[in-house]
$ cat work.cif   # mmCIF, C-alpha atoms, pLDDT in the B column; chains and numbers go by the auth columns
data_structure
#
loop_
_atom_site.group_PDB
_atom_site.id
_atom_site.type_symbol
_atom_site.label_atom_id
_atom_site.label_comp_id
_atom_site.label_asym_id
_atom_site.label_seq_id
_atom_site.Cartn_x
_atom_site.Cartn_y
_atom_site.Cartn_z
_atom_site.B_iso_or_equiv
_atom_site.auth_seq_id
_atom_site.auth_asym_id
ATOM 1 C CA MET A 1 -73.978 91.250 -45.021 72.00 1 A
ATOM 2 C CA THR A 2 -72.141 88.060 -45.961 84.00 2 A
ATOM 3 C CA THR A 3 -72.592 84.767 -44.106 85.00 3 A
ATOM 4 C CA PHE A 4 -69.109 85.055 -42.652 85.00 4 A
ATOM 5 C CA GLN A 5 -69.820 88.514 -41.291 88.00 5 A
ATOM 6 C CA ARG A 6 -73.109 87.295 -39.862 88.00 6 A
ATOM 7 C CA ILE A 7 -71.399 84.424 -37.989 85.00 7 A
ATOM 8 C CA GLY A 8 -68.787 86.853 -36.717 86.00 8 A
ATOM 9 C CA ALA A 9 -71.403 89.326 -35.506 87.00 9 A
ATOM 10 C CA CYS A 10 -73.398 86.554 -33.781 82.00 10 A
ATOM 11 C CA ALA A 11 -70.256 85.180 -32.108 82.00 11 A
ATOM 12 C CA LEU A 12 -69.354 88.651 -30.879 85.00 12 A
ATOM 13 C CA ILE A 13 -72.806 89.235 -29.418 85.00 13 A
ATOM 14 C CA LEU A 14 -72.958 85.769 -27.843 80.00 14 A
ATOM 15 C CA SER A 15 -69.477 86.075 -26.351 76.00 15 A
ATOM 16 C CA THR A 16 -70.567 89.201 -24.480 80.00 16 A
ATOM 17 C CA LEU A 17 -73.510 87.340 -22.900 80.00 17 A
ATOM 18 C CA GLY A 18 -71.251 85.494 -20.501 76.00 18 A
ATOM 19 C CA GLY A 19 -69.792 88.741 -19.192 75.00 19 A
ATOM 20 C CA CYS A 20 -67.021 88.266 -16.671 72.00 20 A
ATOM 21 C CA ALA A 21 -67.963 84.585 -16.240 73.00 21 A
ATOM 22 C CA VAL A 22 -66.208 83.878 -19.523 72.00 22 A
ATOM 23 C CA TRP A 23 -62.846 84.762 -17.983 76.00 23 A
ATOM 24 C CA GLN A 24 -61.148 81.698 -16.593 78.00 24 A
ATOM 25 C CA PRO A 25 -59.780 81.865 -13.047 81.00 25 A
ATOM 26 C CA PRO A 26 -55.990 81.487 -12.817 85.00 26 A
ATOM 27 C CA GLN A 27 -54.768 77.947 -13.326 88.00 27 A
ATOM 28 C CA PRO A 28 -53.259 76.154 -10.284 89.00 28 A
ATOM 29 C CA TRP A 29 -49.743 76.745 -11.598 90.00 29 A
ATOM 30 C CA GLU A 30 -50.400 80.448 -12.192 90.00 30 A
ATOM 31 C CA LYS A 31 -50.997 81.297 -8.548 89.00 31 A
ATOM 32 C CA GLY A 32 -47.417 82.266 -7.700 88.00 32 A
ATOM 33 C CA LEU A 33 -48.296 85.888 -7.046 87.00 33 A
ATOM 34 C CA LEU A 34 -51.447 84.965 -5.115 85.00 34 A
ATOM 35 C CA ALA A 35 -49.369 82.699 -2.884 84.00 35 A
ATOM 36 C CA LYS A 36 -47.293 85.644 -1.662 83.00 36 A
ATOM 37 C CA GLU A 37 -47.766 86.601 1.951 77.00 37 A
ATOM 38 C CA ALA A 38 -48.754 90.130 0.973 79.00 38 A
ATOM 39 C CA MET A 39 -51.721 88.730 -0.930 79.00 39 A
ATOM 40 C CA THR A 40 -53.417 87.289 2.153 73.00 40 A
ATOM 41 C CA LEU A 41 -56.460 89.229 3.265 72.00 41 A
ATOM 42 C CA GLY A 42 -56.095 88.953 7.033 69.00 42 A
ATOM 43 C CA GLY A 43 -53.164 89.790 9.278 72.00 43 A
ATOM 44 C CA ASP A 44 -52.816 86.879 11.677 80.00 44 A
ATOM 45 C CA PRO A 45 -52.771 83.488 9.929 76.00 45 A
ATOM 46 C CA LEU A 46 -54.243 81.661 12.933 85.00 46 A
ATOM 47 C CA GLU A 47 -57.083 84.131 13.303 86.00 47 A
ATOM 48 C CA GLN A 48 -57.735 83.966 9.573 81.00 48 A
ATOM 49 C CA ARG A 49 -57.923 80.184 9.701 82.00 49 A
ATOM 50 C CA PHE A 50 -60.286 80.383 12.649 86.00 50 A
ATOM 51 C CA ASP A 51 -62.551 82.848 10.815 84.00 51 A
ATOM 52 C CA LEU A 52 -62.498 80.724 7.701 82.00 52 A
ATOM 53 C CA HIS A 53 -63.390 77.617 9.684 84.00 53 A
ATOM 54 C CA ILE A 54 -66.450 79.335 11.141 87.00 54 A
ATOM 55 C CA MET A 55 -67.455 80.701 7.764 84.00 55 A
ATOM 56 C CA ASN A 56 -67.081 77.307 6.116 82.00 56 A
ATOM 57 C CA SER A 57 -69.262 75.653 8.718 83.00 57 A
ATOM 58 C CA LYS A 58 -71.923 78.374 8.570 84.00 58 A
ATOM 59 C CA GLU A 59 -72.011 78.489 4.793 80.00 59 A
ATOM 60 C CA ALA A 60 -71.668 74.703 4.438 75.00 60 A
ATOM 61 C CA ALA A 61 -68.926 75.280 1.893 70.00 61 A
ATOM 62 C CA SER A 62 -65.171 75.134 1.878 65.00 62 A
ATOM 63 C CA GLY A 63 -62.467 76.821 -0.140 60.00 63 A
ATOM 64 C CA SER A 64 -64.107 80.194 0.208 54.00 64 A
ATOM 65 C CA GLY A 65 -60.924 82.108 0.899 56.00 65 A
ATOM 66 C CA GLY A 66 -58.937 83.395 -2.045 50.00 66 A
ATOM 67 C CA VAL A 67 -59.249 82.336 -5.640 46.00 67 A
ATOM 68 C CA GLY A 68 -60.612 78.997 -6.809 44.00 68 A
ATOM 69 C CA GLY A 69 -59.696 76.730 -3.927 44.00 69 A
ATOM 70 C CA GLY A 70 -58.049 79.288 -1.717 44.00 70 A
ATOM 71 C CA GLY A 71 -54.572 80.771 -1.595 50.00 71 A
ATOM 72 C CA CYS A 72 -52.019 79.120 -3.795 57.00 72 A
ATOM 73 C CA GLY A 73 -54.223 76.093 -4.323 55.00 73 A
ATOM 74 C CA CYS A 74 -51.741 73.852 -2.561 57.00 74 A
ATOM 75 C CA ASN A 75 -53.697 71.045 -0.895 47.00 75 A
ATOM 76 C CA MET B 1 -76.638 79.164 -45.032 51.00 1 B
ATOM 77 C CA ASN B 2 -79.675 80.313 -43.118 64.00 2 B
ATOM 78 C CA ARG B 3 -79.732 82.449 -40.044 65.00 3 B
ATOM 79 C CA LEU B 4 -80.380 79.564 -37.637 64.00 4 B
ATOM 80 C CA SER B 5 -77.325 77.516 -38.609 71.00 5 B
ATOM 81 C CA SER B 6 -75.048 80.538 -38.430 64.00 6 B
ATOM 82 C CA LEU B 7 -76.412 81.235 -34.955 61.00 7 B
ATOM 83 C CA THR B 8 -75.770 77.631 -33.908 67.00 8 B
ATOM 84 C CA LEU B 9 -72.242 77.746 -35.263 64.00 9 B
ATOM 85 C CA ALA B 10 -71.565 80.997 -33.449 59.00 10 B
ATOM 86 C CA LEU B 11 -72.941 79.531 -30.220 58.00 11 B
ATOM 87 C CA LEU B 12 -70.693 76.496 -30.526 60.00 12 B
ATOM 88 C CA LEU B 13 -67.721 78.741 -31.244 56.00 13 B
ATOM 89 C CA SER B 14 -68.298 80.804 -28.117 54.00 14 B
ATOM 90 C CA LEU B 15 -68.908 77.659 -26.054 54.00 15 B
ATOM 91 C CA ALA B 16 -65.679 76.042 -27.211 55.00 16 B
ATOM 92 C CA THR B 17 -63.672 78.896 -25.725 50.00 17 B
ATOM 93 C CA THR B 18 -65.196 78.448 -22.269 47.00 18 B
ATOM 94 C CA LEU B 19 -65.005 74.671 -21.819 48.00 19 B
ATOM 95 C CA PRO B 20 -62.315 73.432 -19.425 50.00 20 B
ATOM 96 C CA ALA B 21 -59.606 71.014 -20.554 57.00 21 B
ATOM 97 C CA HIS B 22 -60.262 67.343 -19.897 67.00 22 B
ATOM 98 C CA ALA B 23 -58.227 65.786 -17.101 72.00 23 B
ATOM 99 C CA VAL B 24 -55.827 62.950 -17.826 83.00 24 B
ATOM 100 C CA ASP B 25 -57.439 59.542 -17.226 86.00 25 B
ATOM 101 C CA VAL B 26 -55.999 56.608 -15.331 89.00 26 B
ATOM 102 C CA GLY B 27 -55.245 53.860 -17.840 88.00 27 B
ATOM 103 C CA ALA B 28 -54.839 56.289 -20.733 90.00 28 B
ATOM 104 C CA ALA B 29 -51.492 56.973 -22.370 91.00 29 B
ATOM 105 C CA ALA B 30 -49.654 59.780 -20.585 92.00 30 B
ATOM 106 C CA PRO B 31 -49.381 62.899 -22.765 93.00 31 B
ATOM 107 C CA GLU B 32 -45.871 63.487 -24.036 93.00 32 B
ATOM 108 C CA VAL B 33 -43.579 65.716 -22.014 93.00 33 B
ATOM 109 C CA SER B 34 -40.681 67.295 -23.850 94.00 34 B
ATOM 110 C CA LEU B 35 -38.945 70.038 -21.926 94.00 35 B
ATOM 111 C CA ALA B 36 -35.560 71.542 -21.321 93.00 36 B
ATOM 112 C CA GLY B 37 -33.842 70.768 -18.039 93.00 37 B
ATOM 113 C CA PRO B 38 -30.574 71.778 -16.379 92.00 38 B
ATOM 114 C CA ARG B 39 -29.033 68.543 -17.651 89.00 39 B
ATOM 115 C CA GLY B 40 -30.442 68.655 -21.184 91.00 40 B
ATOM 116 C CA GLN B 41 -33.711 67.715 -22.805 93.00 41 B
ATOM 117 C CA VAL B 42 -36.230 65.751 -20.724 94.00 42 B
ATOM 118 C CA SER B 43 -38.670 63.587 -22.630 94.00 43 B
ATOM 119 C CA LEU B 44 -41.247 61.154 -21.278 93.00 44 B
ATOM 120 C CA SER B 45 -41.143 58.911 -24.364 92.00 45 B
ATOM 121 C CA ALA B 46 -37.388 58.438 -23.878 93.00 46 B
ATOM 122 C CA LEU B 47 -38.144 57.058 -20.397 92.00 47 B
ATOM 123 C CA LYS B 48 -40.422 54.301 -21.673 90.00 48 B
ATOM 124 C CA GLY B 49 -39.692 51.048 -19.864 92.00 49 B
ATOM 125 C CA LYS B 50 -39.185 52.940 -16.618 94.00 50 B
ATOM 126 C CA VAL B 51 -41.781 53.821 -14.022 95.00 51 B
ATOM 127 C CA VAL B 52 -41.984 57.618 -14.028 96.00 52 B
ATOM 128 C CA TYR B 53 -43.127 59.693 -11.083 96.00 53 B
ATOM 129 C CA LEU B 54 -43.981 62.966 -12.801 96.00 54 B
ATOM 130 C CA ASP B 55 -44.331 65.781 -10.299 96.00 55 B
ATOM 131 C CA PHE B 56 -45.554 69.290 -11.087 95.00 56 B
ATOM 132 C CA TRP B 57 -44.120 71.832 -8.643 95.00 57 B
ATOM 133 C CA ALA B 58 -43.390 75.518 -8.128 95.00 58 B
ATOM 134 C CA SER B 59 -41.074 77.442 -5.800 94.00 59 B
ATOM 135 C CA TRP B 60 -43.950 79.296 -4.120 93.00 60 B
ATOM 136 C CA CYS B 61 -45.815 76.118 -3.192 91.00 61 B
ATOM 137 C CA GLY B 62 -45.282 74.962 0.393 89.00 62 B
ATOM 138 C CA PRO B 63 -46.208 71.278 0.061 91.00 63 B
ATOM 139 C CA CYS B 64 -43.883 71.049 -2.977 93.00 64 B
ATOM 140 C CA ARG B 65 -41.001 72.014 -0.708 93.00 65 B
ATOM 141 C CA GLN B 66 -41.972 69.229 1.685 93.00 66 B
ATOM 142 C CA SER B 67 -42.190 66.705 -1.139 95.00 67 B
ATOM 143 C CA PHE B 68 -38.633 67.238 -2.390 96.00 68 B
ATOM 144 C CA PRO B 69 -36.769 65.314 0.341 96.00 69 B
ATOM 145 C CA TRP B 70 -39.294 62.485 -0.081 96.00 70 B
ATOM 146 C CA MET B 71 -38.811 62.405 -3.857 96.00 71 B
ATOM 147 C CA ASN B 72 -35.028 62.356 -3.337 96.00 72 B
ATOM 148 C CA GLU B 73 -35.524 59.409 -1.013 95.00 73 B
ATOM 149 C CA MET B 74 -37.730 57.571 -3.537 96.00 74 B
ATOM 150 C CA GLN B 75 -35.198 58.137 -6.325 96.00 75 B
ATOM 151 C CA ALA B 76 -32.385 56.807 -4.125 96.00 76 B
ATOM 152 C CA LYS B 77 -34.417 53.834 -2.940 95.00 77 B
ATOM 153 C CA TYR B 78 -36.039 52.726 -6.193 95.00 78 B
ATOM 154 C CA GLY B 79 -33.870 54.313 -8.907 94.00 79 B
ATOM 155 C CA ALA B 80 -31.954 51.074 -9.475 94.00 80 B
ATOM 156 C CA LYS B 81 -35.242 49.180 -9.686 94.00 81 B
ATOM 157 C CA GLY B 82 -36.433 51.301 -12.596 93.00 82 B
ATOM 158 C CA LEU B 83 -37.995 54.420 -11.084 95.00 83 B
ATOM 159 C CA GLN B 84 -37.363 57.861 -12.505 95.00 84 B
ATOM 160 C CA VAL B 85 -38.674 60.889 -10.648 96.00 85 B
ATOM 161 C CA VAL B 86 -39.191 63.883 -12.939 96.00 86 B
ATOM 162 C CA GLY B 87 -39.985 67.247 -11.366 96.00 87 B
ATOM 163 C CA VAL B 88 -41.584 69.690 -13.787 96.00 88 B
ATOM 164 C CA ASN B 89 -41.112 73.231 -12.545 96.00 89 B
ATOM 165 C CA LEU B 90 -43.955 75.624 -13.325 95.00 90 B
ATOM 166 C CA ASP B 91 -42.484 78.909 -12.102 94.00 91 B
ATOM 167 C CA ALA B 92 -43.145 81.783 -14.476 93.00 92 B
ATOM 168 C CA LYS B 93 -39.674 83.136 -13.657 93.00 93 B
ATOM 169 C CA ARG B 94 -36.680 80.843 -13.918 94.00 94 B
ATOM 170 C CA PRO B 95 -34.602 82.567 -11.151 95.00 95 B
ATOM 171 C CA ASP B 96 -37.333 81.608 -8.630 94.00 96 B
ATOM 172 C CA ALA B 97 -36.866 77.956 -9.543 94.00 97 B
ATOM 173 C CA ASP B 98 -33.068 78.206 -9.412 95.00 98 B
ATOM 174 C CA LYS B 99 -33.234 79.801 -5.955 95.00 99 B
ATOM 175 C CA PHE B 100 -35.531 77.018 -4.727 95.00 100 B
ATOM 176 C CA LEU B 101 -33.250 74.314 -6.128 95.00 101 B
ATOM 177 C CA ALA B 102 -30.253 75.921 -4.413 96.00 102 B
ATOM 178 C CA GLU B 103 -32.119 75.718 -1.085 95.00 103 B
ATOM 179 C CA VAL B 104 -33.741 72.317 -1.627 95.00 104 B
ATOM 180 C CA PRO B 105 -31.443 70.237 -3.836 94.00 105 B
ATOM 181 C CA ALA B 106 -33.038 67.629 -6.073 94.00 106 B
ATOM 182 C CA SER B 107 -31.279 64.378 -6.886 95.00 107 B
ATOM 183 C CA PHE B 108 -33.820 63.519 -9.588 95.00 108 B
ATOM 184 C CA THR B 109 -34.501 64.880 -13.086 95.00 109 B
ATOM 185 C CA ILE B 110 -35.748 68.448 -13.305 96.00 110 B
ATOM 186 C CA ALA B 111 -37.472 70.075 -16.267 96.00 111 B
ATOM 187 C CA PHE B 112 -38.720 73.627 -16.749 96.00 112 B
ATOM 188 C CA ASP B 113 -42.083 74.596 -18.185 95.00 113 B
ATOM 189 C CA ALA B 114 -42.541 78.323 -17.608 93.00 114 B
ATOM 190 C CA ALA B 115 -45.215 78.500 -20.307 93.00 115 B
ATOM 191 C CA GLY B 116 -47.405 75.967 -18.463 91.00 116 B
ATOM 192 C CA ASP B 117 -48.091 73.920 -21.578 93.00 117 B
ATOM 193 C CA THR B 118 -47.560 70.504 -19.949 94.00 118 B
ATOM 194 C CA PRO B 119 -49.820 71.052 -16.895 93.00 119 B
ATOM 195 C CA LYS B 120 -52.474 72.339 -19.280 92.00 120 B
ATOM 196 C CA ARG B 121 -52.380 69.100 -21.246 93.00 121 B
ATOM 197 C CA TYR B 122 -52.468 67.085 -18.018 93.00 122 B
ATOM 198 C CA ALA B 123 -55.213 69.448 -16.739 91.00 123 B
ATOM 199 C CA ILE B 124 -53.818 69.456 -13.226 91.00 124 B
ATOM 200 C CA LYS B 125 -56.111 70.679 -10.457 88.00 125 B
ATOM 201 C CA GLY B 126 -53.708 71.761 -7.750 89.00 126 B
ATOM 202 C CA MET B 127 -50.114 72.116 -6.660 90.00 127 B
ATOM 203 C CA PRO B 128 -48.265 69.858 -6.373 92.00 128 B
ATOM 204 C CA THR B 129 -49.741 67.195 -8.632 94.00 129 B
ATOM 205 C CA SER B 130 -47.993 63.898 -9.206 95.00 130 B
ATOM 206 C CA VAL B 131 -48.708 61.548 -12.088 95.00 131 B
ATOM 207 C CA LEU B 132 -47.447 57.999 -11.819 96.00 132 B
ATOM 208 C CA VAL B 133 -46.702 56.628 -15.268 95.00 133 B
ATOM 209 C CA GLY B 134 -46.170 52.891 -15.700 94.00 134 B
ATOM 210 C CA ALA B 135 -43.406 51.268 -17.721 93.00 135 B
ATOM 211 C CA ASP B 136 -45.868 50.941 -20.615 92.00 136 B
ATOM 212 C CA GLY B 137 -46.384 54.723 -20.719 92.00 137 B
ATOM 213 C CA LYS B 138 -49.883 54.585 -19.249 93.00 138 B
ATOM 214 C CA VAL B 139 -51.124 56.697 -16.361 94.00 139 B
ATOM 215 C CA LEU B 140 -51.448 54.629 -13.166 95.00 140 B
ATOM 216 C CA GLN B 141 -52.347 57.299 -10.656 94.00 141 B
ATOM 217 C CA VAL B 142 -52.905 61.039 -10.397 94.00 142 B
ATOM 218 C CA HIS B 143 -52.477 62.618 -7.002 93.00 143 B
ATOM 219 C CA THR B 144 -52.967 66.233 -5.941 92.00 144 B
ATOM 220 C CA GLY B 145 -51.273 67.713 -2.886 91.00 145 B
ATOM 221 C CA PHE B 146 -48.610 66.328 -0.606 92.00 146 B
ATOM 222 C CA ARG B 147 -49.182 65.633 3.047 91.00 147 B
ATOM 223 C CA ASP B 148 -47.109 63.612 5.495 91.00 148 B
ATOM 224 C CA ASP B 149 -49.817 60.986 5.900 92.00 149 B
ATOM 225 C CA GLU B 150 -49.910 60.417 2.145 93.00 150 B
ATOM 226 C CA ARG B 151 -46.264 59.359 1.819 94.00 151 B
ATOM 227 C CA LYS B 152 -46.974 55.718 2.562 95.00 152 B
ATOM 228 C CA ALA B 153 -49.769 55.396 -0.042 95.00 153 B
ATOM 229 C CA LEU B 154 -47.669 57.139 -2.688 95.00 154 B
ATOM 230 C CA GLU B 155 -44.689 54.888 -1.988 95.00 155 B
ATOM 231 C CA ASP B 156 -46.941 51.801 -2.117 96.00 156 B
ATOM 232 C CA ALA B 157 -48.191 52.899 -5.542 95.00 157 B
ATOM 233 C CA ILE B 158 -44.594 53.231 -6.759 95.00 158 B
ATOM 234 C CA VAL B 159 -43.691 49.782 -5.399 96.00 159 B
ATOM 235 C CA ALA B 160 -46.774 48.262 -7.075 95.00 160 B
ATOM 236 C CA ALA B 161 -45.905 49.947 -10.393 94.00 161 B
ATOM 237 C CA LEU B 162 -42.323 48.635 -10.210 94.00 162 B
ATOM 238 C CA ALA B 163 -43.595 45.140 -9.430 94.00 163 B
ATOM 239 C CA ALA B 164 -45.985 45.278 -12.397 91.00 164 B
ATOM 240 C CA ALA B 165 -43.179 46.492 -14.665 86.00 165 B
ATOM 241 C CA SER B 166 -40.835 43.633 -13.747 80.00 166 B
ATOM 242 C CA HIS B 167 -43.363 40.909 -14.636 71.00 167 B
#
$ encode --input "work.cif" --output "structure tokens"
Amino acid sequence: MTTFQRIGACALILSTLGGCAVWQPPQPWEKGLLAKEAMTLGGDPLEQRFDLHIMNSKEAASGSGGVGGGGCGCN
Amino acid sequence: MNRLSSLTLALLLSLATTLPAHAVDVGAAAPEVSLAGPRGQVSLSALKGKVVYLDFWASWCGPCRQSFPWMNEMQAKYGAKGLQVVGVNLDAKRPDADKFLAEVPASFTIAFDAAGDTPKRYAIKGMPTSVLVGADGKVLQVHTGFRDDERKALEDAIVAALAAASH
């Protein structure tokens, strides 16, 4: 096995260690499809906001809805 | 090369692919923007000497829609004093941007970056993001989001940048 092959094999093995965590979430400007109305989980926006508010306060965290900051990432 | 150094190199290689891009710093030179627009090529370096309000927007982003009339107003109010508003569209599909612009006309410079290369280099964190670039080409302020109560602060920053440029 050459040095080059060894580095390659090590890199391959190490890159699998991260699993799905290696995949980057969509960038803020790539959330066009996620921003569509059909992509919202709940039906009623007001009810959804209410639920999210309760969840945020109980979990002591915000931005839990949707991907990386919630919805389209606007605001 | 021994086994340990090849392991280290491999580890660094795999790490390099996962590290996020570094955000643009206030006071640093603004990365170059060179994009096609409906009225020809838009380039940040060509606007040196002017205060540039660089805004990253997309048709699907609600606050972006709200920011357009305000940006039109800023361009009308401070254009003669040396302000240039540049709206960089980040829609993956051009027709979406064209439809938006037909609904919400822009009286400032528009540029298209469907590939998302510019926002990547500016490492923007949300939509919309505005970058205020001084007359010397340096970043004065980076702002994410657009809310009604933020208009005043954003306008003040523009006024301050114009005042600094005229001295």
$ closest_residue --input "work.cif" --among "B:Ala97, B:Ile124, B:Ala164, B:Met71" --to "chain A" --atoms "only C-alpha atoms"
B:Ile124
$ atom_distance --input "work.cif" --atom1 "atom CA of B:Val52" --atom2 "atom CA of B:Pro105"
19.3 Å
$ resolve_selection --input "work.cif" --expression "the PyMOL selection byres ((chain A) within 9 of (chain B))" --output "list in words"
Thr3, Phe4, Arg6, Ile7, Gly8, Ala9, Cys10, Ala11, Leu12, Leu14, Ser15, Val22, Trp23, Gln24, Gln27, Pro28, Trp29, Glu30, Lys31, Gly32, Leu33, Ala35, Lys36, Gly69, Cys72, Gly73, Cys74 and Asn75 of chain A
$ resolve_selection --input "work.cif" --expression "the PyMOL selection byres ((chain B and resi 151-159) around 10)" --output "short mmCIF file (atom, residue, chain, number, x, y, z; two decimals) with C-alpha atoms, keeping the file's coordinate frame"
data_model
loop_
_atom_site.label_atom_id
_atom_site.label_comp_id
_atom_site.auth_asym_id
_atom_site.auth_seq_id
_atom_site.Cartn_x
_atom_site.Cartn_y
_atom_site.Cartn_z
CA VAL B 51 -41.78 53.82 -14.02
CA VAL B 52 -41.98 57.62 -14.03
CA TYR B 53 -43.13 59.69 -11.08
CA SER B 67 -42.19 66.70 -1.14
CA TRP B 70 -39.29 62.48 -0.08
CA MET B 71 -38.81 62.40 -3.86
CA MET B 74 -37.73 57.57 -3.54
CA TYR B 78 -36.04 52.73 -6.19
CA LYS B 81 -35.24 49.18 -9.69
CA LEU B 83 -37.99 54.42 -11.08
CA SER B 130 -47.99 63.90 -9.21
CA LEU B 132 -47.45 58.00 -11.82
CA VAL B 133 -46.70 56.63 -15.27
CA GLY B 134 -46.17 52.89 -15.70
CA LEU B 140 -51.45 54.63 -13.17
CA GLN B 141 -52.35 57.30 -10.66
CA HIS B 143 -52.48 62.62 -7.00
CA PHE B 146 -48.61 66.33 -0.61
CA ARG B 147 -49.18 65.63 3.05
CA ASP B 148 -47.11 63.61 5.50
CA ASP B 149 -49.82 60.99 5.90
CA GLU B 150 -49.91 60.42 2.14
CA ALA B 160 -46.77 48.26 -7.08
CA ALA B 161 -45.90 49.95 -10.39
CA LEU B 162 -42.32 48.64 -10.21
CA ALA B 163 -43.60 45.14 -9.43
CA ALA B 164 -45.98 45.28 -12.40
CA ALA B 165 -43.18 46.49 -14.66
#
$ atom_distance --input "work.cif" --atom1 "atom CA of A:Leu52" --atom2 "atom CA of B:Val142"
28.4 Å
$ residues_around --input "work.cif" --residues "B:Ala106" --least-positions-apart "2" --cutoff "9 Å" --atoms "only C-alpha atoms" --output "short mmCIF file (atom, residue, chain, number, x, y, z; two decimals) with C-alpha atoms, in the frame of the given file"
data_model
loop_
_atom_site.label_atom_id
_atom_site.label_comp_id
_atom_site.auth_asym_id
_atom_site.auth_seq_id
_atom_site.Cartn_x
_atom_site.Cartn_y
_atom_site.Cartn_z
CA PHE B 68 -38.63 67.24 -2.39
CA PRO B 69 -36.77 65.31 0.34
CA MET B 71 -38.81 62.40 -3.86
CA ASN B 72 -35.03 62.36 -3.34
CA GLY B 87 -39.98 67.25 -11.37
CA LEU B 101 -33.25 74.31 -6.13
CA ALA B 102 -30.25 75.92 -4.41
CA VAL B 104 -33.74 72.32 -1.63
CA PHE B 108 -33.82 63.52 -9.59
CA THR B 109 -34.50 64.88 -13.09
CA ILE B 110 -35.75 68.45 -13.30
#
$ atom_distance --input "work.cif" --atom1 "atom CA of B:Val131" --atom2 "atom CA of B:Ala30"
8.7 Å
$ resolve_selection --input "work.cif" --expression "the PyMOL selection byres ((chain B and resi 26) around 7)" --output "list in words"
Val24, Asp25, Gly27, Ala28, Val139, Leu140 and Gln141 of chain B
$ closest_residue --input "work.cif" --among "B:Gly82, B:Asp117, B:Ser166, B:Arg94" --to "B:Lys50" --atoms "all atoms listed in the file"
B:Gly82
